[in-house]
Structure formats: C-alpha cells, structure tokens
Amino acid sequence: MLEQEIQTYQEHKKELLADSAGKYVVIKGQEVAGVYDTEGDALREAYQRYGNVPFLVKKIQDLEETLYFASNLITV
Amino acid sequence: MPSFTTQLPDLHQRGPIFEARFIVPPEIEKALTTAGKPLPALVIGTALIDTGATNTVIDEDIPGKLGLNPVGVTNIRTATTDSHPCLTYSIRIVFPAGFAIRTTAIAAKLKNQGLDALIGREILRMGTLWYNGYNGTFTFGI
C-alpha cells in the first residue's frame, strides 16, 4: 500500500527538498497536493481533500529516518 | 493537568500498562457525523507505556476495526530486526482519565505479546511519567 505515493515522492524529492525541506507534503497517487508546516496541518488538509482513503503525509528530508525500538515487543 | 494513576501488583513484571481506548481522528468523526453515518465502535485494549519506543505502535488489527486507512510509511528497527517499513495511521488514544491524544501510530504485530499498543516517546514528550516501583504505581499526566 502507498507504493504509488512513495514513487511520486521520490520523483519530486529533489524539488521538494530545495523548496520545502523540513515541511510535510501530502501526496495522493501521482498528485502532490500541497506542502504544510506541520504534520497536523497536512493531515487535516489531506482528510478534507480526499476523505478517509489511503494517502501519504511525509516529512520532506534528505535522509530517511529509521525509528528505533529498544524493546523486543514488536513483530515485523 | 489531567492525569491518571494505576496501581499494579505486578508492575515490575508487566510494566506500566493500562486500558486504552482507540478512536478515529476528528476529521473522520466529523465526516461520518455530517453524513449521518454511525461512528465505528471504539476499540478497547491494553497499552504499555514504553520509554524505549521512539513512537507509538498499535497492533495491526486496530486500523481495520476502526476503518482507518494509512497516512504514511515509517522504517522501524528493533533490538532483533533490521530496518523494516511499516504503515502509519492517524488515531486518537483515550487515556483512563478521559483525555485523548492524537498521534500518528505505527501498525505492527503486538497481539502475541498480549498488548494492543506501545505508548511511545512522541506522546511522553507532552507530559510527565512518574514510576514508583516501591509501591507499584505509575502516574501519567499531560
């Protein structure tokens, strides 16, 4: 799920980084819907625009962040 | 400051766990209400406050029960796994004192640990956690 949105992000990453590093982008399919200062703003706008469907809200950053979990409670 | 305190006879064994309620984010609640559609039944589950978790994790079954769709993908790494992509969901978690916190939670398998959620540090950073091992209580306030 969200493969198309991630591909769209990769295709636009260079320009997004140049203009809006550190902000949050909303992507649905091949459409870059907008860039917002906060994740909350991006989510509100995405729900307003698309409703309860899959969409991508992503922080615009050069290096992708990996979140670390010290405990071993999660099965992936 | 709203807060709750829980006393557990086995706090040392089980950690700071509590009964959490999971509900849809406000935008979905508003859209359903406006459309005259029923809200999905809230999901009740066991949550562990986990200071070792960078972000909140919910069991992968919860989004389906609430009718939620993913809003992102995050790579996670645990003590025994390499980096792995997981879907994320916008959700509200209601704590025992009645206050709700909205977060973007990672969905992963937790049920086999007897848990439905790990409350991570993106929530803990908003409040204060008191862990009193001596009398088996913990308090979380925000």
# chains A, B, ... in the order shown; residues from 1 in each chain; ligands from 1
$ residues_around --residues "region 23-30 of chain A" --least-positions-apart "3" --cutoff "9 Å" --atoms "only C-alpha atoms" --output "NGL selection string"
:A and (2-9 or 16 or 20 or 33-39 or 41-43 or 45-46 or 50 or 54-61)
$ select_by_dssp --residues "region 27-61 of chain B" --states "strand (DSSP E)" --output "tab-separated table (two decimals) with all heavy atoms, in the first residue's frame"
chain	number	residue	atom	x	y	z
B	43	VAL	N	-12.28	0.87	20.05
B	43	VAL	CA	-11.55	-0.36	20.35
B	43	VAL	C	-10.91	-0.20	21.72
B	43	VAL	O	-10.28	0.82	22.01
B	43	VAL	CB	-10.47	-0.63	19.29
B	43	VAL	CG1	-9.64	-1.86	19.66
B	43	VAL	CG2	-11.11	-0.82	17.92
B	44	ILE	N	-11.10	-1.18	22.57
B	44	ILE	CA	-10.51	-1.16	23.90
B	44	ILE	C	-9.37	-2.17	23.94
B	44	ILE	O	-9.50	-3.30	23.45
B	44	ILE	CB	-11.55	-1.51	24.98
B	44	ILE	CG1	-12.68	-0.49	24.95
B	44	ILE	CG2	-10.91	-1.56	26.37
B	44	ILE	CD1	-13.84	-0.81	25.88
B	45	GLY	N	-8.24	-1.76	24.48
B	45	GLY	CA	-7.11	-2.67	24.51
B	45	GLY	C	-6.11	-2.32	25.60
B	45	GLY	O	-6.27	-1.33	26.32
B	46	THR	N	-5.09	-3.14	25.70
B	46	THR	CA	-4.05	-2.95	26.71
B	46	THR	C	-2.87	-2.21	26.10
B	46	THR	O	-2.33	-2.62	25.07
B	46	THR	CB	-3.56	-4.31	27.25
B	46	THR	OG1	-4.68	-5.01	27.79
B	46	THR	CG2	-2.51	-4.12	28.32
B	47	ALA	N	-2.50	-1.12	26.75
B	47	ALA	CA	-1.37	-0.32	26.28
B	47	ALA	C	-0.26	-0.33	27.32
B	47	ALA	O	-0.52	-0.33	28.52
B	47	ALA	CB	-1.81	1.11	26.02
B	48	LEU	N	0.96	-0.36	26.83
B	48	LEU	CA	2.14	-0.31	27.70
B	48	LEU	C	2.87	1.00	27.44
B	48	LEU	O	3.17	1.32	26.28
B	48	LEU	CB	3.07	-1.48	27.39
B	48	LEU	CG	4.47	-1.44	28.01
B	48	LEU	CD1	4.40	-1.67	29.52
B	48	LEU	CD2	5.38	-2.47	27.35
B	49	ILE	N	3.15	1.75	28.48
B	49	ILE	CA	3.99	2.94	28.33
B	49	ILE	C	5.43	2.46	28.19
B	49	ILE	O	5.97	1.82	29.10
B	49	ILE	CB	3.82	3.88	29.53
B	49	ILE	CG1	2.37	4.40	29.57
B	49	ILE	CG2	4.81	5.03	29.44
B	49	ILE	CD1	2.07	5.31	30.76
B	57	VAL	N	3.13	2.61	18.84
B	57	VAL	CA	2.82	1.48	17.96
B	57	VAL	C	1.46	0.94	18.37
B	57	VAL	O	1.16	0.82	19.55
B	57	VAL	CB	3.88	0.36	18.10
B	57	VAL	CG1	3.54	-0.82	17.19
B	57	VAL	CG2	5.27	0.90	17.78
B	58	ILE	N	0.63	0.62	17.37
B	58	ILE	CA	-0.64	-0.05	17.64
B	58	ILE	C	-0.65	-1.40	16.95
B	58	ILE	O	0.04	-1.59	15.93
B	58	ILE	CB	-1.86	0.79	17.17
B	58	ILE	CG1	-1.72	1.15	15.68
B	58	ILE	CG2	-2.03	2.02	18.03
B	58	ILE	CD1	-2.94	1.83	15.10
B	59	ASP	N	-1.41	-2.33	17.50
B	59	ASP	CA	-1.50	-3.63	16.85
B	59	ASP	C	-2.11	-3.47	15.46
B	59	ASP	O	-3.02	-2.66	15.26
B	59	ASP	CB	-2.35	-4.59	17.69
B	59	ASP	CG	-2.36	-5.98	17.08
B	59	ASP	OD1	-1.32	-6.65	17.13
B	59	ASP	OD2	-3.40	-6.36	16.50
$ atom_distance --atom1 "CA of Leu39 (chain B)" --atom2 "CA of Ile142 (chain B)"
26.7 Å
$ closest_atom_pairs --of "chain B" --to "chain A" --cutoff "6 Å" --atoms "only C-alpha atoms" --output "tab-separated table"
residue	atom	partner	partner_atom	distance
B:Gly52	CA	A:Ala70	CA	4.9
B:Ala53	CA	A:Phe69	CA	4.7
B:Asn69	CA	A:Pro54	CA	5.0
B:Pro70	CA	A:Pro54	CA	5.2
B:Val71	CA	A:Leu56	CA	4.9
B:Gly72	CA	A:Leu56	CA	4.8
B:Asn75	CA	A:Thr66	CA	4.8
B:Ile76	CA	A:Leu67	CA	4.6
B:Arg77	CA	A:Tyr68	CA	4.9
B:Thr78	CA	A:Phe69	CA	4.7
B:Ala79	CA	A:Ala70	CA	5.6
B:Lys109	CA	A:Thr75	CA	5.1
B:Leu110	CA	A:Ile74	CA	5.6
$ select_by_dssp --residues "region 16-57 of chain A" --states "alpha helix (DSSP H)" --output "count of residues only"
17
$ residues_around --residues "Pro2 (chain B)" --least-positions-apart "3" --cutoff "8 Å" --atoms "only C-alpha atoms" --output "list in words"
Ala97, Phe99, Gly141 and Ile142 of chain B
$ residues_around --residues "Asp10 (chain B)" --least-positions-apart "6" --cutoff "12 Å" --atoms "only C-alpha atoms" --output "list in words"
Pro16, Ile17, Gly133, Tyr134, Asn135, Gly136, Thr137 and Phe138 of chain B
$ write_last_selection --atoms "C-alpha atoms" --output "short mmCIF file (atom, residue, chain, number, x, y, z; two decimals), in the first residue's frame"
data_model
loop_
_atom_site.label_atom_id
_atom_site.label_comp_id
_atom_site.auth_asym_id
_atom_site.auth_seq_id
_atom_site.Cartn_x
_atom_site.Cartn_y
_atom_site.Cartn_z
CA PRO B 16 3.17 0.35 33.25
CA ILE B 17 0.11 -0.99 31.44
CA GLY B 133 8.40 0.89 41.81
CA TYR B 134 8.41 0.90 45.59
CA ASN B 135 4.60 0.92 45.90
CA GLY B 136 3.77 -0.45 42.44
CA THR B 137 2.15 2.65 40.99
CA PHE B 138 2.65 4.85 37.99
#
$ closest_residue --among "B:Tyr131, B:Gly98, B:Thr74, B:Leu42" --to "Pro25 (chain B)" --atoms "only C-alpha atoms"
B:Leu42
$ residues_around --residues "Leu66 (chain B)" --least-positions-apart "6" --cutoff "12 Å" --atoms "only C-alpha atoms" --output "list of chain:residue names"
A:Asn52, B:Arg21, B:Phe22, B:Ile23, B:Val24, B:Pro25, B:Ile28, B:Glu29, B:Pro38, B:Leu39, B:Pro40, B:Ala41, B:Leu42, B:Val43, B:Ile44, B:Glu60, B:Tyr89, B:Ser90, B:Ile91, B:Arg92
$ decode --residues "region 3-16 of chain B" --atoms "all heavy atoms" --output "mmCIF file, in the first residue's frame"
data_model
loop_
_atom_site.group_PDB
_atom_site.id
_atom_site.type_symbol
_atom_site.label_atom_id
_atom_site.label_comp_id
_atom_site.auth_asym_id
_atom_site.auth_seq_id
_atom_site.Cartn_x
_atom_site.Cartn_y
_atom_site.Cartn_z
ATOM 1 N N SER B 3 -4.496 13.687 34.652
ATOM 2 C CA SER B 3 -3.550 12.594 34.867
ATOM 3 C C SER B 3 -4.307 11.377 35.382
ATOM 4 O O SER B 3 -5.462 11.483 35.800
ATOM 5 C CB SER B 3 -2.465 12.995 35.863
ATOM 6 O OG SER B 3 -3.023 13.176 37.152
ATOM 7 N N PHE B 4 -3.657 10.247 35.346
ATOM 8 C CA PHE B 4 -4.237 9.053 35.958
ATOM 9 C C PHE B 4 -3.135 8.290 36.667
ATOM 10 O O PHE B 4 -1.967 8.347 36.292
ATOM 11 C CB PHE B 4 -4.947 8.161 34.925
ATOM 12 C CG PHE B 4 -4.013 7.463 33.975
ATOM 13 C CD1 PHE B 4 -3.571 6.172 34.227
ATOM 14 C CD2 PHE B 4 -3.563 8.099 32.828
ATOM 15 C CE1 PHE B 4 -2.716 5.521 33.354
ATOM 16 C CE2 PHE B 4 -2.703 7.462 31.948
ATOM 17 C CZ PHE B 4 -2.281 6.168 32.206
ATOM 18 N N THR B 5 -3.545 7.584 37.715
ATOM 19 C CA THR B 5 -2.607 6.764 38.479
ATOM 20 C C THR B 5 -3.137 5.339 38.522
ATOM 21 O O THR B 5 -4.331 5.119 38.728
ATOM 22 C CB THR B 5 -2.452 7.300 39.915
ATOM 23 O OG1 THR B 5 -1.902 8.616 39.854
ATOM 24 C CG2 THR B 5 -1.533 6.407 40.745
ATOM 25 N N THR B 6 -2.270 4.402 38.277
ATOM 26 C CA THR B 6 -2.652 2.989 38.307
ATOM 27 C C THR B 6 -1.715 2.246 39.250
ATOM 28 O O THR B 6 -0.499 2.467 39.242
ATOM 29 C CB THR B 6 -2.547 2.370 36.896
ATOM 30 O OG1 THR B 6 -3.455 3.050 36.033
ATOM 31 C CG2 THR B 6 -2.901 0.894 36.923
ATOM 32 N N GLN B 7 -2.313 1.385 40.067
ATOM 33 C CA GLN B 7 -1.502 0.529 40.934
ATOM 34 C C GLN B 7 -1.606 -0.905 40.435
ATOM 35 O O GLN B 7 -2.713 -1.423 40.224
ATOM 36 C CB GLN B 7 -1.961 0.613 42.381
ATOM 37 C CG GLN B 7 -1.075 -0.232 43.320
ATOM 38 C CD GLN B 7 -1.284 0.111 44.779
ATOM 39 O OE1 GLN B 7 -2.393 0.439 45.183
ATOM 40 N NE2 GLN B 7 -0.224 0.053 45.571
ATOM 41 N N LEU B 8 -0.476 -1.522 40.247
ATOM 42 C CA LEU B 8 -0.434 -2.890 39.731
ATOM 43 C C LEU B 8 0.402 -3.765 40.667
ATOM 44 O O LEU B 8 1.543 -3.409 40.974
ATOM 45 C CB LEU B 8 0.190 -2.914 38.332
ATOM 46 C CG LEU B 8 -0.546 -2.139 37.230
ATOM 47 C CD1 LEU B 8 0.318 -2.028 35.995
ATOM 48 C CD2 LEU B 8 -1.859 -2.821 36.902
ATOM 49 N N PRO B 9 -0.162 -4.896 41.094
ATOM 50 C CA PRO B 9 0.621 -5.765 41.978
ATOM 51 C C PRO B 9 1.843 -6.353 41.275
ATOM 52 O O PRO B 9 2.812 -6.730 41.939
ATOM 53 C CB PRO B 9 -0.384 -6.870 42.362
ATOM 54 C CG PRO B 9 -1.429 -6.831 41.301
ATOM 55 C CD PRO B 9 -1.503 -5.414 40.835
ATOM 56 N N ASP B 10 1.774 -6.427 39.940
ATOM 57 C CA ASP B 10 2.892 -6.985 39.180
ATOM 58 C C ASP B 10 3.515 -5.943 38.245
ATOM 59 O O ASP B 10 3.891 -6.259 37.119
ATOM 60 C CB ASP B 10 2.436 -8.213 38.390
ATOM 61 C CG ASP B 10 1.205 -7.911 37.537
ATOM 62 O OD1 ASP B 10 0.678 -6.778 37.631
ATOM 63 O OD2 ASP B 10 0.792 -8.797 36.775
ATOM 64 N N LEU B 11 3.587 -4.715 38.731
ATOM 65 C CA LEU B 11 4.155 -3.636 37.904
ATOM 66 C C LEU B 11 5.556 -3.996 37.423
ATOM 67 O O LEU B 11 5.923 -3.743 36.276
ATOM 68 C CB LEU B 11 4.179 -2.329 38.703
ATOM 69 C CG LEU B 11 4.778 -1.116 37.992
ATOM 70 C CD1 LEU B 11 3.964 -0.726 36.766
ATOM 71 C CD2 LEU B 11 4.881 0.077 38.944
ATOM 72 N N HIS B 12 6.319 -4.595 38.280
ATOM 73 C CA HIS B 12 7.691 -4.962 37.914
ATOM 74 C C HIS B 12 7.703 -5.960 36.756
ATOM 75 O O HIS B 12 8.549 -5.881 35.855
ATOM 76 C CB HIS B 12 8.407 -5.567 39.133
ATOM 77 C CG HIS B 12 9.690 -6.240 38.793
ATOM 78 N ND1 HIS B 12 10.787 -5.550 38.318
ATOM 79 C CD2 HIS B 12 10.054 -7.539 38.837
ATOM 80 C CE1 HIS B 12 11.779 -6.404 38.092
ATOM 81 N NE2 HIS B 12 11.369 -7.617 38.384
ATOM 82 N N GLN B 13 6.750 -6.895 36.750
ATOM 83 C CA GLN B 13 6.724 -7.925 35.715
ATOM 84 C C GLN B 13 6.122 -7.415 34.403
ATOM 85 O O GLN B 13 6.640 -7.688 33.329
ATOM 86 C CB GLN B 13 5.893 -9.133 36.201
ATOM 87 C CG GLN B 13 6.497 -9.855 37.388
ATOM 88 C CD GLN B 13 7.815 -10.528 37.042
ATOM 89 O OE1 GLN B 13 8.029 -10.943 35.920
ATOM 90 N NE2 GLN B 13 8.705 -10.614 38.019
ATOM 91 N N ARG B 14 5.005 -6.710 34.514
ATOM 92 C CA ARG B 14 4.254 -6.341 33.305
ATOM 93 C C ARG B 14 4.574 -4.947 32.801
ATOM 94 O O ARG B 14 4.312 -4.634 31.645
ATOM 95 C CB ARG B 14 2.745 -6.456 33.575
ATOM 96 C CG ARG B 14 2.319 -7.855 33.994
ATOM 97 C CD ARG B 14 0.824 -7.974 34.080
ATOM 98 N NE ARG B 14 0.224 -7.929 32.747
ATOM 99 C CZ ARG B 14 -1.079 -7.790 32.529
ATOM 100 N NH1 ARG B 14 -1.901 -7.661 33.540
ATOM 101 N NH2 ARG B 14 -1.563 -7.771 31.310
ATOM 102 N N GLY B 15 5.132 -4.111 33.656
ATOM 103 C CA GLY B 15 5.400 -2.738 33.250
ATOM 104 C C GLY B 15 4.165 -1.873 33.406
ATOM 105 O O GLY B 15 3.096 -2.345 33.809
ATOM 106 N N PRO B 16 4.293 -0.586 33.086
ATOM 107 C CA PRO B 16 3.174 0.349 33.248
ATOM 108 C C PRO B 16 2.127 0.161 32.147
ATOM 109 O O PRO B 16 2.189 0.802 31.096
ATOM 110 C CB PRO B 16 3.841 1.732 33.182
ATOM 111 C CG PRO B 16 5.099 1.507 32.415
ATOM 112 C CD PRO B 16 5.536 0.095 32.676
#
